[in-house]
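Participant: Contents of entry.cif (mmCIF, N, CA and C atoms):
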data_protein
#
loop_
_atom_site.group_PDB
_atom_site.id
_atom_site.type_symbol
_atom_site.label_atom_id
_atom_site.label_comp_id
_atom_site.auth_asym_id
_atom_site.auth_seq_id
_atom_site.Cartn_x
_atom_site.Cartn_y
_atom_site.Cartn_z
ATOM 1 N N MET A 1 -8.301 -9.453 -8.871
ATOM 2 C CA MET A 1 -8.093 -8.364 -7.945
ATOM 3 C C MET A 1 -6.623 -8.383 -7.508
ATOM 4 N N ARG A 2 -6.040 -7.220 -7.427
ATOM 5 C CA ARG A 2 -4.670 -7.081 -6.964
ATOM 6 C C ARG A 2 -4.662 -6.917 -5.445
ATOM 7 N N HIS A 3 -3.521 -7.244 -4.845
ATOM 8 C CA HIS A 3 -3.323 -7.003 -3.422
ATOM 9 C C HIS A 3 -1.963 -6.350 -3.240
ATOM 10 N N TYR A 4 -1.956 -5.200 -2.593
ATOM 11 C CA TYR A 4 -0.720 -4.494 -2.285
ATOM 12 C C TYR A 4 -0.359 -4.780 -0.837
ATOM 13 N N ILE A 5 0.907 -5.048 -0.596
ATOM 14 C CA ILE A 5 1.359 -5.270 0.768
ATOM 15 C C ILE A 5 1.526 -3.912 1.449
ATOM 16 N N ALA A 6 0.919 -3.777 2.607
ATOM 17 C CA ALA A 6 1.056 -2.577 3.433
ATOM 18 C C ALA A 6 1.945 -2.922 4.620
ATOM 19 N N VAL A 7 2.854 -2.009 4.940
ATOM 20 C CA VAL A 7 3.731 -2.160 6.098
ATOM 21 C C VAL A 7 3.184 -1.227 7.174
ATOM 22 N N ILE A 8 2.885 -1.792 8.340
ATOM 23 C CA ILE A 8 2.265 -1.015 9.413
ATOM 24 C C ILE A 8 3.215 -0.973 10.603
ATOM 25 N N HIS A 9 3.514 0.250 11.039
ATOM 26 C CA HIS A 9 4.381 0.456 12.207
ATOM 27 C C HIS A 9 3.579 1.113 13.315
ATOM 28 N N LYS A 10 3.924 0.788 14.529
ATOM 29 C CA LYS A 10 3.248 1.370 15.697
ATOM 30 C C LYS A 10 4.284 1.646 16.766
ATOM 31 N N GLU A 11 4.443 2.904 17.097
ATOM 32 C CA GLU A 11 5.310 3.308 18.204
ATOM 33 C C GLU A 11 4.435 3.550 19.433
ATOM 34 N N VAL A 12 5.036 3.517 20.599
ATOM 35 C CA VAL A 12 4.307 3.795 21.831
ATOM 36 C C VAL A 12 3.706 5.195 21.736
ATOM 37 N N ASN A 13 2.454 5.328 22.133
ATOM 38 C CA ASN A 13 1.739 6.609 22.139
ATOM 39 C C ASN A 13 1.615 7.231 20.748
ATOM 40 N N SER A 14 1.501 6.394 19.729
ATOM 41 C CA SER A 14 1.291 6.911 18.377
ATOM 42 C C SER A 14 0.208 6.079 17.700
ATOM 43 N N CYS A 15 -0.202 6.548 16.533
ATOM 44 C CA CYS A 15 -1.172 5.772 15.760
ATOM 45 C C CYS A 15 -0.431 4.737 14.916
ATOM 46 N N TYR A 16 -1.176 3.919 14.204
ATOM 47 C CA TYR A 16 -0.616 2.914 13.312
ATOM 48 C C TYR A 16 -0.299 3.592 11.972
ATOM 49 N N GLY A 17 0.965 3.674 11.612
ATOM 50 C CA GLY A 17 1.382 4.270 10.348
ATOM 51 C C GLY A 17 1.442 3.207 9.266
ATOM 52 N N VAL A 18 0.934 3.534 8.084
ATOM 53 C CA VAL A 18 0.854 2.578 6.980
ATOM 54 C C VAL A 18 1.596 3.135 5.768
ATOM 55 N N SER A 19 2.434 2.285 5.166
ATOM 56 C CA SER A 19 3.096 2.645 3.905
ATOM 57 C C SER A 19 3.044 1.442 2.974
ATOM 58 N N PHE A 20 3.272 1.693 1.704
ATOM 59 C CA PHE A 20 3.218 0.654 0.676
ATOM 60 C C PHE A 20 4.566 0.587 -0.031
ATOM 61 N N PRO A 21 5.286 -0.525 0.087
ATOM 62 C CA PRO A 21 6.588 -0.612 -0.565
ATOM 63 C C PRO A 21 6.527 -0.504 -2.092
ATOM 64 N N ASP A 22 5.401 -0.830 -2.690
ATOM 65 C CA ASP A 22 5.288 -0.760 -4.149
ATOM 66 C C ASP A 22 4.738 0.565 -4.658
ATOM 67 N N VAL A 23 4.287 1.429 -3.758
ATOM 68 C CA VAL A 23 3.721 2.715 -4.154
ATOM 69 C C VAL A 23 4.417 3.789 -3.310
ATOM 70 N N SER A 24 5.556 4.243 -3.786
ATOM 71 C CA SER A 24 6.369 5.159 -2.985
ATOM 72 C C SER A 24 5.650 6.482 -2.727
ATOM 73 N N GLY A 25 5.864 6.997 -1.537
ATOM 74 C CA GLY A 25 5.309 8.286 -1.153
ATOM 75 C C GLY A 25 3.876 8.255 -0.673
ATOM 76 N N ILE A 26 3.231 7.111 -0.688
ATOM 77 C CA ILE A 26 1.845 7.007 -0.240
ATOM 78 C C ILE A 26 1.835 6.438 1.172
ATOM 79 N N MET A 27 1.314 7.232 2.104
ATOM 80 C CA MET A 27 1.246 6.826 3.505
ATOM 81 C C MET A 27 -0.082 7.274 4.098
ATOM 82 N N THR A 28 -0.465 6.608 5.167
ATOM 83 C CA THR A 28 -1.661 6.987 5.904
ATOM 84 C C THR A 28 -1.505 6.460 7.325
ATOM 85 N N ALA A 29 -2.509 6.672 8.140
ATOM 86 C CA ALA A 29 -2.440 6.232 9.542
ATOM 87 C C ALA A 29 -3.845 6.039 10.083
ATOM 88 N N GLY A 30 -3.917 5.332 11.207
ATOM 89 C CA GLY A 30 -5.186 5.125 11.894
ATOM 90 C C GLY A 30 -4.943 4.887 13.370
ATOM 91 N N ASP A 31 -5.911 5.235 14.187
ATOM 92 C CA ASP A 31 -5.781 5.051 15.636
ATOM 93 C C ASP A 31 -5.888 3.590 16.050
ATOM 94 N N THR A 32 -6.559 2.763 15.232
ATOM 95 C CA THR A 32 -6.686 1.328 15.494
ATOM 96 C C THR A 32 -6.247 0.589 14.227
ATOM 97 N N LEU A 33 -6.024 -0.720 14.342
ATOM 98 C CA LEU A 33 -5.684 -1.504 13.147
ATOM 99 C C LEU A 33 -6.817 -1.478 12.126
ATOM 100 N N ASP A 34 -8.049 -1.552 12.610
ATOM 101 C CA ASP A 34 -9.195 -1.502 11.689
ATOM 102 C C ASP A 34 -9.227 -0.178 10.933
ATOM 103 N N GLU A 35 -9.006 0.913 11.644
ATOM 104 C CA GLU A 35 -9.005 2.222 10.994
ATOM 105 C C GLU A 35 -7.817 2.341 10.033
ATOM 106 N N ALA A 36 -6.664 1.830 10.419
ATOM 107 C CA ALA A 36 -5.495 1.869 9.540
ATOM 108 C C ALA A 36 -5.780 1.097 8.254
ATOM 109 N N TYR A 37 -6.441 -0.048 8.365
ATOM 110 C CA TYR A 37 -6.804 -0.846 7.187
ATOM 111 C C TYR A 37 -7.763 -0.070 6.281
ATOM 112 N N ARG A 38 -8.792 0.520 6.865
ATOM 113 C CA ARG A 38 -9.754 1.296 6.066
ATOM 114 C C ARG A 38 -9.056 2.469 5.374
ATOM 115 N N GLN A 39 -8.203 3.153 6.115
ATOM 116 C CA GLN A 39 -7.466 4.284 5.550
ATOM 117 C C GLN A 39 -6.551 3.815 4.418
ATOM 118 N N ALA A 40 -5.910 2.661 4.602
ATOM 119 C CA ALA A 40 -5.015 2.121 3.575
ATOM 120 C C ALA A 40 -5.787 1.850 2.288
ATOM 121 N N CYS A 41 -6.970 1.265 2.394
ATOM 122 C CA CYS A 41 -7.802 1.000 1.211
ATOM 123 C C CYS A 41 -8.166 2.305 0.511
ATOM 124 N N GLU A 42 -8.541 3.299 1.285
ATOM 125 C CA GLU A 42 -8.953 4.578 0.711
ATOM 126 C C GLU A 42 -7.791 5.314 0.060
ATOM 127 N N VAL A 43 -6.647 5.369 0.742
ATOM 128 C CA VAL A 43 -5.519 6.125 0.189
ATOM 129 C C VAL A 43 -4.973 5.456 -1.064
ATOM 130 N N LEU A 44 -5.015 4.148 -1.137
ATOM 131 C CA LEU A 44 -4.566 3.440 -2.333
ATOM 132 C C LEU A 44 -5.463 3.793 -3.521
ATOM 133 N N GLU A 45 -6.767 3.779 -3.308
ATOM 134 C CA GLU A 45 -7.709 4.152 -4.367
ATOM 135 C C GLU A 45 -7.520 5.611 -4.783
ATOM 136 N N PHE A 46 -7.385 6.491 -3.818
ATOM 137 C CA PHE A 46 -7.198 7.914 -4.101
ATOM 138 C C PHE A 46 -5.912 8.141 -4.894
ATOM 139 N N ALA A 47 -4.832 7.495 -4.497
ATOM 140 C CA ALA A 47 -3.544 7.655 -5.181
ATOM 141 C C ALA A 47 -3.639 7.181 -6.621
ATOM 142 N N ALA A 48 -4.320 6.058 -6.843
ATOM 143 C CA ALA A 48 -4.429 5.503 -8.188
ATOM 144 C C ALA A 48 -5.208 6.415 -9.125
ATOM 145 N N GLU A 49 -6.174 7.151 -8.583
ATOM 146 C CA GLU A 49 -7.016 8.017 -9.410
ATOM 147 C C GLU A 49 -6.211 9.087 -10.127
ATOM 148 N N SER A 50 -5.200 9.641 -9.479
ATOM 149 C CA SER A 50 -4.466 10.746 -10.092
ATOM 150 C C SER A 50 -2.987 10.434 -10.326
ATOM 151 N N TRP A 51 -2.588 9.172 -10.141
ATOM 152 C CA TRP A 51 -1.179 8.797 -10.233
ATOM 153 C C TRP A 51 -0.555 9.183 -11.575
ATOM 154 N N THR A 52 -1.188 8.819 -12.678
ATOM 155 C CA THR A 52 -0.615 9.070 -14.002
ATOM 156 C C THR A 52 -0.467 10.559 -14.252
ATOM 157 N N GLU A 53 -1.462 11.345 -13.873
ATOM 158 C CA GLU A 53 -1.378 12.795 -14.049
ATOM 159 C C GLU A 53 -0.279 13.401 -13.180
ATOM 160 N N ASP A 54 -0.167 12.936 -11.945
ATOM 161 C CA ASP A 54 0.789 13.511 -10.998
ATOM 162 C C ASP A 54 2.225 13.067 -11.244
ATOM 163 N N THR A 55 2.423 11.850 -11.726
ATOM 164 C CA THR A 55 3.776 11.311 -11.840
ATOM 165 C C THR A 55 4.227 11.059 -13.277
ATOM 166 N N ALA A 56 3.332 11.149 -14.234
ATOM 167 C CA ALA A 56 3.623 10.855 -15.641
ATOM 168 C C ALA A 56 4.107 9.420 -15.810
ATOM 169 N N SER A 57 3.642 8.520 -14.947
ATOM 170 C CA SER A 57 3.985 7.103 -15.063
ATOM 171 C C SER A 57 2.752 6.271 -14.714
ATOM 172 N N GLU A 58 2.792 5.003 -15.072
ATOM 173 C CA GLU A 58 1.688 4.092 -14.765
ATOM 174 C C GLU A 58 1.681 3.766 -13.279
ATOM 175 N N PHE A 59 0.500 3.490 -12.745
ATOM 176 C CA PHE A 59 0.391 3.092 -11.350
ATOM 177 C C PHE A 59 1.145 1.785 -11.169
ATOM 178 N N PRO A 60 2.012 1.704 -10.159
ATOM 179 C CA PRO A 60 2.851 0.507 -9.987
ATOM 180 C C PRO A 60 2.035 -0.758 -9.744
ATOM 181 N N MET A 61 2.519 -1.843 -10.321
ATOM 182 C CA MET A 61 1.927 -3.153 -10.070
ATOM 183 C C MET A 61 2.465 -3.667 -8.736
ATOM 184 N N PRO A 62 1.660 -4.404 -7.989
ATOM 185 C CA PRO A 62 2.151 -4.942 -6.720
ATOM 186 C C PRO A 62 3.089 -6.124 -6.957
ATOM 187 N N ARG A 63 4.078 -6.235 -6.079
ATOM 188 C CA ARG A 63 4.950 -7.410 -6.095
ATOM 189 C C ARG A 63 4.386 -8.433 -5.119
ATOM 190 N N SER A 64 4.720 -9.683 -5.366
ATOM 191 C CA SER A 64 4.302 -10.739 -4.442
ATOM 192 C C SER A 64 5.148 -10.633 -3.169
ATOM 193 N N ILE A 65 4.705 -11.278 -2.114
ATOM 194 C CA ILE A 65 5.474 -11.273 -0.873
ATOM 195 C C ILE A 65 6.830 -11.943 -1.098
ATOM 196 N N ASP A 66 6.891 -12.944 -1.969
ATOM 197 C CA ASP A 66 8.169 -13.588 -2.276
ATOM 198 C C ASP A 66 9.119 -12.620 -2.970
ATOM 199 N N GLU A 67 8.599 -11.821 -3.889
ATOM 200 C CA GLU A 67 9.430 -10.819 -4.556
ATOM 201 C C GLU A 67 9.885 -9.752 -3.567
ATOM 202 N N LEU A 68 8.988 -9.305 -2.711
ATOM 203 C CA LEU A 68 9.342 -8.289 -1.733
ATOM 204 C C LEU A 68 10.434 -8.773 -0.778
ATOM 205 N N ARG A 69 10.381 -10.039 -0.411
ATOM 206 C CA ARG A 69 11.384 -10.582 0.516
ATOM 207 C C ARG A 69 12.793 -10.594 -0.073
ATOM 208 N N LEU A 70 12.909 -10.453 -1.378
ATOM 209 C CA LEU A 70 14.221 -10.363 -2.030
ATOM 210 C C LEU A 70 14.747 -8.930 -2.054
ATOM 211 N N ASP A 71 13.927 -7.974 -1.648
ATOM 212 C CA ASP A 71 14.289 -6.552 -1.631
ATOM 213 C C ASP A 71 14.815 -6.179 -0.249
ATOM 214 N N PRO A 72 16.128 -5.876 -0.118
ATOM 215 C CA PRO A 72 16.690 -5.540 1.197
ATOM 216 C C PRO A 72 16.005 -4.341 1.864
ATOM 217 N N GLY A 73 15.561 -3.373 1.071
ATOM 218 C CA GLY A 73 14.857 -2.224 1.642
ATOM 219 C C GLY A 73 13.547 -2.626 2.290
ATOM 220 N N PHE A 74 12.829 -3.532 1.638
ATOM 221 C CA PHE A 74 11.585 -4.027 2.217
ATOM 222 C C PHE A 74 11.861 -4.817 3.486
ATOM 223 N N VAL A 75 12.848 -5.699 3.441
ATOM 224 C CA VAL A 75 13.172 -6.526 4.609
ATOM 225 C C VAL A 75 13.465 -5.635 5.805
ATOM 226 N N GLU A 76 14.212 -4.564 5.596
ATOM 227 C CA GLU A 76 14.538 -3.647 6.696
ATOM 228 C C GLU A 76 13.292 -2.910 7.183
ATOM 229 N N SER A 77 12.467 -2.404 6.257
ATOM 230 C CA SER A 77 11.279 -1.652 6.676
ATOM 231 C C SER A 77 10.229 -2.545 7.326
ATOM 232 N N ALA A 78 10.228 -3.835 6.994
ATOM 233 C CA ALA A 78 9.243 -4.756 7.547
ATOM 234 C C ALA A 78 9.648 -5.324 8.899
ATOM 235 N N ARG A 79 10.888 -5.099 9.279
ATOM 236 C CA ARG A 79 11.349 -5.588 10.580
ATOM 237 C C ARG A 79 10.508 -4.929 11.678
ATOM 238 N N ASP A 80 9.974 -5.706 12.578
ATOM 239 C CA ASP A 80 9.135 -5.207 13.673
ATOM 240 C C ASP A 80 7.866 -4.505 13.181
ATOM 241 N N ALA A 81 7.355 -4.929 12.031
ATOM 242 C CA ALA A 81 6.146 -4.324 11.483
ATOM 243 C C ALA A 81 5.073 -5.384 11.307
ATOM 244 N N ILE A 82 3.870 -4.918 11.125
ATOM 245 C CA ILE A 82 2.752 -5.776 10.755
ATOM 246 C C ILE A 82 2.616 -5.663 9.244
ATOM 247 N N LEU A 83 2.443 -6.777 8.560
ATOM 248 C CA LEU A 83 2.210 -6.754 7.118
ATOM 249 C C LEU A 83 0.751 -7.081 6.862
ATOM 250 N N MET A 84 0.158 -6.360 5.937
ATOM 251 C CA MET A 84 -1.249 -6.540 5.625
ATOM 252 C C MET A 84 -1.424 -6.477 4.112
ATOM 253 N N ALA A 85 -2.201 -7.366 3.551
ATOM 254 C CA ALA A 85 -2.530 -7.318 2.131
ATOM 255 C C ALA A 85 -3.774 -6.455 1.956
ATOM 256 N N VAL A 86 -3.651 -5.420 1.137
ATOM 257 C CA VAL A 86 -4.757 -4.502 0.893
ATOM 258 C C VAL A 86 -5.287 -4.751 -0.517
ATOM 259 N N PRO A 87 -6.552 -5.139 -0.649
ATOM 260 C CA PRO A 87 -7.110 -5.406 -1.978
ATOM 261 C C PRO A 87 -7.295 -4.110 -2.758
ATOM 262 N N PHE A 88 -7.099 -4.210 -4.048
ATOM 263 C CA PHE A 88 -7.273 -3.052 -4.912
ATOM 264 C C PHE A 88 -7.847 -3.523 -6.235
ATOM 265 N N GLU A 89 -8.990 -3.015 -6.595
ATOM 266 C CA GLU A 89 -9.639 -3.333 -7.858
ATOM 267 C C GLU A 89 -9.591 -2.075 -8.723
ATOM 268 N N PRO A 90 -8.770 -2.085 -9.785
ATOM 269 C CA PRO A 90 -8.706 -0.900 -10.644
ATOM 270 C C PRO A 90 -10.071 -0.592 -11.251
ATOM 271 N N SER A 91 -10.340 0.695 -11.410
ATOM 272 C CA SER A 91 -11.605 1.085 -12.048
ATOM 273 C C SER A 91 -11.563 0.673 -13.514
ATOM 274 N N PRO A 92 -12.710 0.553 -14.155
ATOM 275 C CA PRO A 92 -12.746 0.162 -15.582
ATOM 276 C C PRO A 92 -11.910 1.077 -16.476
ATOM 277 N N THR A 93 -11.843 2.365 -16.154
ATOM 278 C CA THR A 93 -11.049 3.266 -16.998
ATOM 279 C C THR A 93 -9.562 2.972 -16.848
ATOM 280 N N ARG A 94 -9.112 2.612 -15.643
ATOM 281 C CA ARG A 94 -7.700 2.263 -15.464
ATOM 282 C C ARG A 94 -7.411 0.911 -16.094
ATOM 283 N N LEU A 95 -8.363 -0.015 -16.035
ATOM 284 C CA LEU A 95 -8.141 -1.327 -16.651
ATOM 285 C C LEU A 95 -7.960 -1.180 -18.169
ATOM 286 N N ALA A 96 -8.702 -0.287 -18.778
ATOM 287 C CA ALA A 96 -8.599 -0.089 -20.218
ATOM 288 C C ALA A 96 -7.217 0.441 -20.591
ATOM 289 N N ALA A 97 -6.598 1.209 -19.698
ATOM 290 C CA ALA A 97 -5.292 1.796 -19.972
ATOM 291 C C ALA A 97 -4.166 0.796 -19.754
ATOM 292 N N GLU A 98 -4.411 -0.288 -19.016
ATOM 293 C CA GLU A 98 -3.347 -1.239 -18.690
ATOM 294 C C GLU A 98 -3.154 -2.276 -19.769
#
The structure given in the file should be rewritten as structure tokens.
Facilitator:
Amino acid sequence: MRHYIAVIHKEVNSCYGVSFPDVSGIMTAGDTLDEAYRQACEVLEFAAESWTEDTASEFPMPRSIDELRLDPGFVESARDAILMAVPFEPSPTRLAAE
């Protein structure tokens, strides 16, 4: 099973915003951390279903936290954020394509 790192930000009087450094353009939000986590799992699955058709590229593989820490963009976006590992199990049809 793969795990994608989710970056979660929370401003005063806002919901928890979630983004994925390895899957650009995919974001979601939740009113609580639990809801943000559930939404993150769902949006990751939804994005993977149509990624190849929409982008003409393979769904990105997740980087390890050690690899991400070498990325200055990630380090900046993760400052003052909560990091969460979101599990992702590719469907059998996507596994056959990989």
Participant: Determine the residue membership of the PyMOL selection byres (((chain A and resi 65-73 and name CA) around 10) and name CA) for the file above and supply it as a list in words.
Facilitator: Tyr4, Ile5, Pro21, Asp22, Pro62, Arg63, Ser64, Phe74, Val75, Glu76, Ser77, Ala78, Leu83 and Ala85 of chain A
Participant: What is the distance between atom CA of Val86 of chain A and atom C of Ala6 of chain A, in Å to one decimal?
Facilitator: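 That distance, rounded to one decimal, is 7.8 Å.
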Participant: I need the residues of chain A that end up classed as helix (DSSP H, G or I) by DSSP on the backbone, written out as JSON, numbers by chain.
Facilitator: {"A": [33, 34, 35, 36, 37, 38, 39, 40, 41, 42, 43, 44, 45, 46, 47, 48, 49, 50, 51, 52, 53, 54, 55, 65, 66, 67, 68, 72, 73, 74, 75, 76, 77, 78, 92, 93, 94, 95, 96, 97]}
Participant: With distances taken over only C-alpha atoms, which of A:Glu53, A:Glu45, A:Glu35, A:Glu58 is nearest to Pro90 of chain A?
Facilitator: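 Checking each of A:Glu53, A:Glu45, A:Glu35, A:Glu58 against Pro90 of chain A, counting only C-alpha atoms, the winner is A:Glu45.
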Participant: Starting from the shown file, work through the PyMOL selection byres ((chain A and resi 40) around 8) and note down what comes out as a VMD selection string.
Facilitator: chain A and resid 6 18 to 19 27 to 30 34 to 39 41 to 46 86 to 87
Participant: Name the residues within 10 Å of (4.6, 7.1, -5.0), counting only C-alpha atoms in the file's coordinates, and put them as a ChimeraX atom specification.
Facilitator: /A:20-27,47-48,51,54-55,59-60
Participant: Quick check, in Å to one decimal: how far apart do atom CA of Lys10 of chain A and atom CA of Ser50 of chain A lie?
Facilitator: 28.5 Å
Participant: Any chance you could build segment 13-23 of chain A out to all heavy atoms and write it as a JSON list (two decimals), in the coordinates of the input?
Facilitator:
[["chain", "number", "residue", "atom", "x", "y", "z"],
["A", 13, "ASN", "N", 2.45, 5.33, 22.13],
["A", 13, "ASN", "CA", 1.74, 6.61, 22.14],
["A", 13, "ASN", "C", 1.62, 7.23, 20.75],
["A", 13, "ASN", "O", 1.64, 8.45, 20.60],
["A", 13, "ASN", "CB", 2.40, 7.61, 23.10],
["A", 13, "ASN", "CG", 2.34, 7.13, 24.53],
["A", 13, "ASN", "OD1", 1.36, 6.52, 24.96],
["A", 13, "ASN", "ND2", 3.42, 7.36, 25.27],
["A", 14, "SER", "N", 1.50, 6.39, 19.73],
["A", 14, "SER", "CA", 1.29, 6.91, 18.38],
["A", 14, "SER", "C", 0.21, 6.08, 17.70],
["A", 14, "SER", "O", -0.21, 5.04, 18.20],
["A", 14, "SER", "CB", 2.58, 6.85, 17.56],
["A", 14, "SER", "OG", 2.87, 5.52, 17.17],
["A", 15, "CYS", "N", -0.20, 6.55, 16.53],
["A", 15, "CYS", "CA", -1.17, 5.77, 15.76],
["A", 15, "CYS", "C", -0.43, 4.74, 14.92],
["A", 15, "CYS", "O", 0.79, 4.67, 14.92],
["A", 15, "CYS", "CB", -2.01, 6.71, 14.89],
["A", 15, "CYS", "SG", -1.04, 7.72, 13.77],
["A", 16, "TYR", "N", -1.18, 3.92, 14.20],
["A", 16, "TYR", "CA", -0.62, 2.91, 13.31],
["A", 16, "TYR", "C", -0.30, 3.59, 11.97],
["A", 16, "TYR", "O", -1.20, 4.07, 11.29],
["A", 16, "TYR", "CB", -1.61, 1.77, 13.08],
["A", 16, "TYR", "CG", -1.87, 0.94, 14.30],
["A", 16, "TYR", "CD1", -2.87, 1.30, 15.21],
["A", 16, "TYR", "CD2", -1.13, -0.21, 14.55],
["A", 16, "TYR", "CE1", -3.12, 0.53, 16.34],
["A", 16, "TYR", "CE2", -1.37, -0.98, 15.68],
["A", 16, "TYR", "CZ", -2.36, -0.60, 16.56],
["A", 16, "TYR", "OH", -2.59, -1.36, 17.68],
["A", 17, "GLY", "N", 0.96, 3.67, 11.61],
["A", 17, "GLY", "CA", 1.38, 4.27, 10.35],
["A", 17, "GLY", "C", 1.44, 3.21, 9.27],
["A", 17, "GLY", "O", 1.94, 2.11, 9.50],
["A", 18, "VAL", "N", 0.93, 3.53, 8.08],
["A", 18, "VAL", "CA", 0.85, 2.58, 6.98],
["A", 18, "VAL", "C", 1.60, 3.14, 5.77],
["A", 18, "VAL", "O", 1.40, 4.28, 5.38],
["A", 18, "VAL", "CB", -0.61, 2.31, 6.58],
["A", 18, "VAL", "CG1", -0.69, 1.29, 5.46],
["A", 18, "VAL", "CG2", -1.45, 1.90, 7.77],
["A", 19, "SER", "N", 2.43, 2.28, 5.17],
["A", 19, "SER", "CA", 3.10, 2.64, 3.90],
["A", 19, "SER", "C", 3.04, 1.44, 2.97],
["A", 19, "SER", "O", 2.78, 0.31, 3.40],
["A", 19, "SER", "CB", 4.54, 3.08, 4.14],
["A", 19, "SER", "OG", 5.29, 2.02, 4.70],
["A", 20, "PHE", "N", 3.27, 1.69, 1.70],
["A", 20, "PHE", "CA", 3.22, 0.65, 0.68],
["A", 20, "PHE", "C", 4.57, 0.59, -0.03],
["A", 20, "PHE", "O", 4.95, 1.54, -0.71],
["A", 20, "PHE", "CB", 2.14, 0.98, -0.36],
["A", 20, "PHE", "CG", 0.75, 1.03, 0.21],
["A", 20, "PHE", "CD1", 0.21, 2.22, 0.67],
["A", 20, "PHE", "CD2", -0.02, -0.11, 0.29],
["A", 20, "PHE", "CE1", -1.06, 2.27, 1.19],
["A", 20, "PHE", "CE2", -1.30, -0.08, 0.80],
["A", 20, "PHE", "CZ", -1.82, 1.12, 1.26],
["A", 21, "PRO", "N", 5.29, -0.52, 0.09],
["A", 21, "PRO", "CA", 6.59, -0.61, -0.56],
["A", 21, "PRO", "C", 6.53, -0.50, -2.09],
["A", 21, "PRO", "O", 7.49, -0.08, -2.72],
["A", 21, "PRO", "CB", 7.13, -1.98, -0.13],
["A", 21, "PRO", "CG", 5.99, -2.72, 0.43],
["A", 21, "PRO", "CD", 4.96, -1.74, 0.84],
["A", 22, "ASP", "N", 5.40, -0.83, -2.69],
["A", 22, "ASP", "CA", 5.29, -0.76, -4.15],
["A", 22, "ASP", "C", 4.74, 0.56, -4.66],
["A", 22, "ASP", "O", 4.71, 0.79, -5.87],
["A", 22, "ASP", "CB", 4.41, -1.90, -4.67],
["A", 22, "ASP", "CG", 5.10, -3.25, -4.52],
["A", 22, "ASP", "OD1", 6.33, -3.31, -4.69],
["A", 22, "ASP", "OD2", 4.40, -4.23, -4.22],
["A", 23, "VAL", "N", 4.29, 1.43, -3.76],
["A", 23, "VAL", "CA", 3.72, 2.72, -4.15],
["A", 23, "VAL", "C", 4.42, 3.79, -3.31],
["A", 23, "VAL", "O", 3.92, 4.18, -2.25],
["A", 23, "VAL", "CB", 2.19, 2.75, -3.95],
["A", 23, "VAL", "CG1", 1.60, 4.00, -4.59],
["A", 23, "VAL", "CG2", 1.52, 1.51, -4.52]]
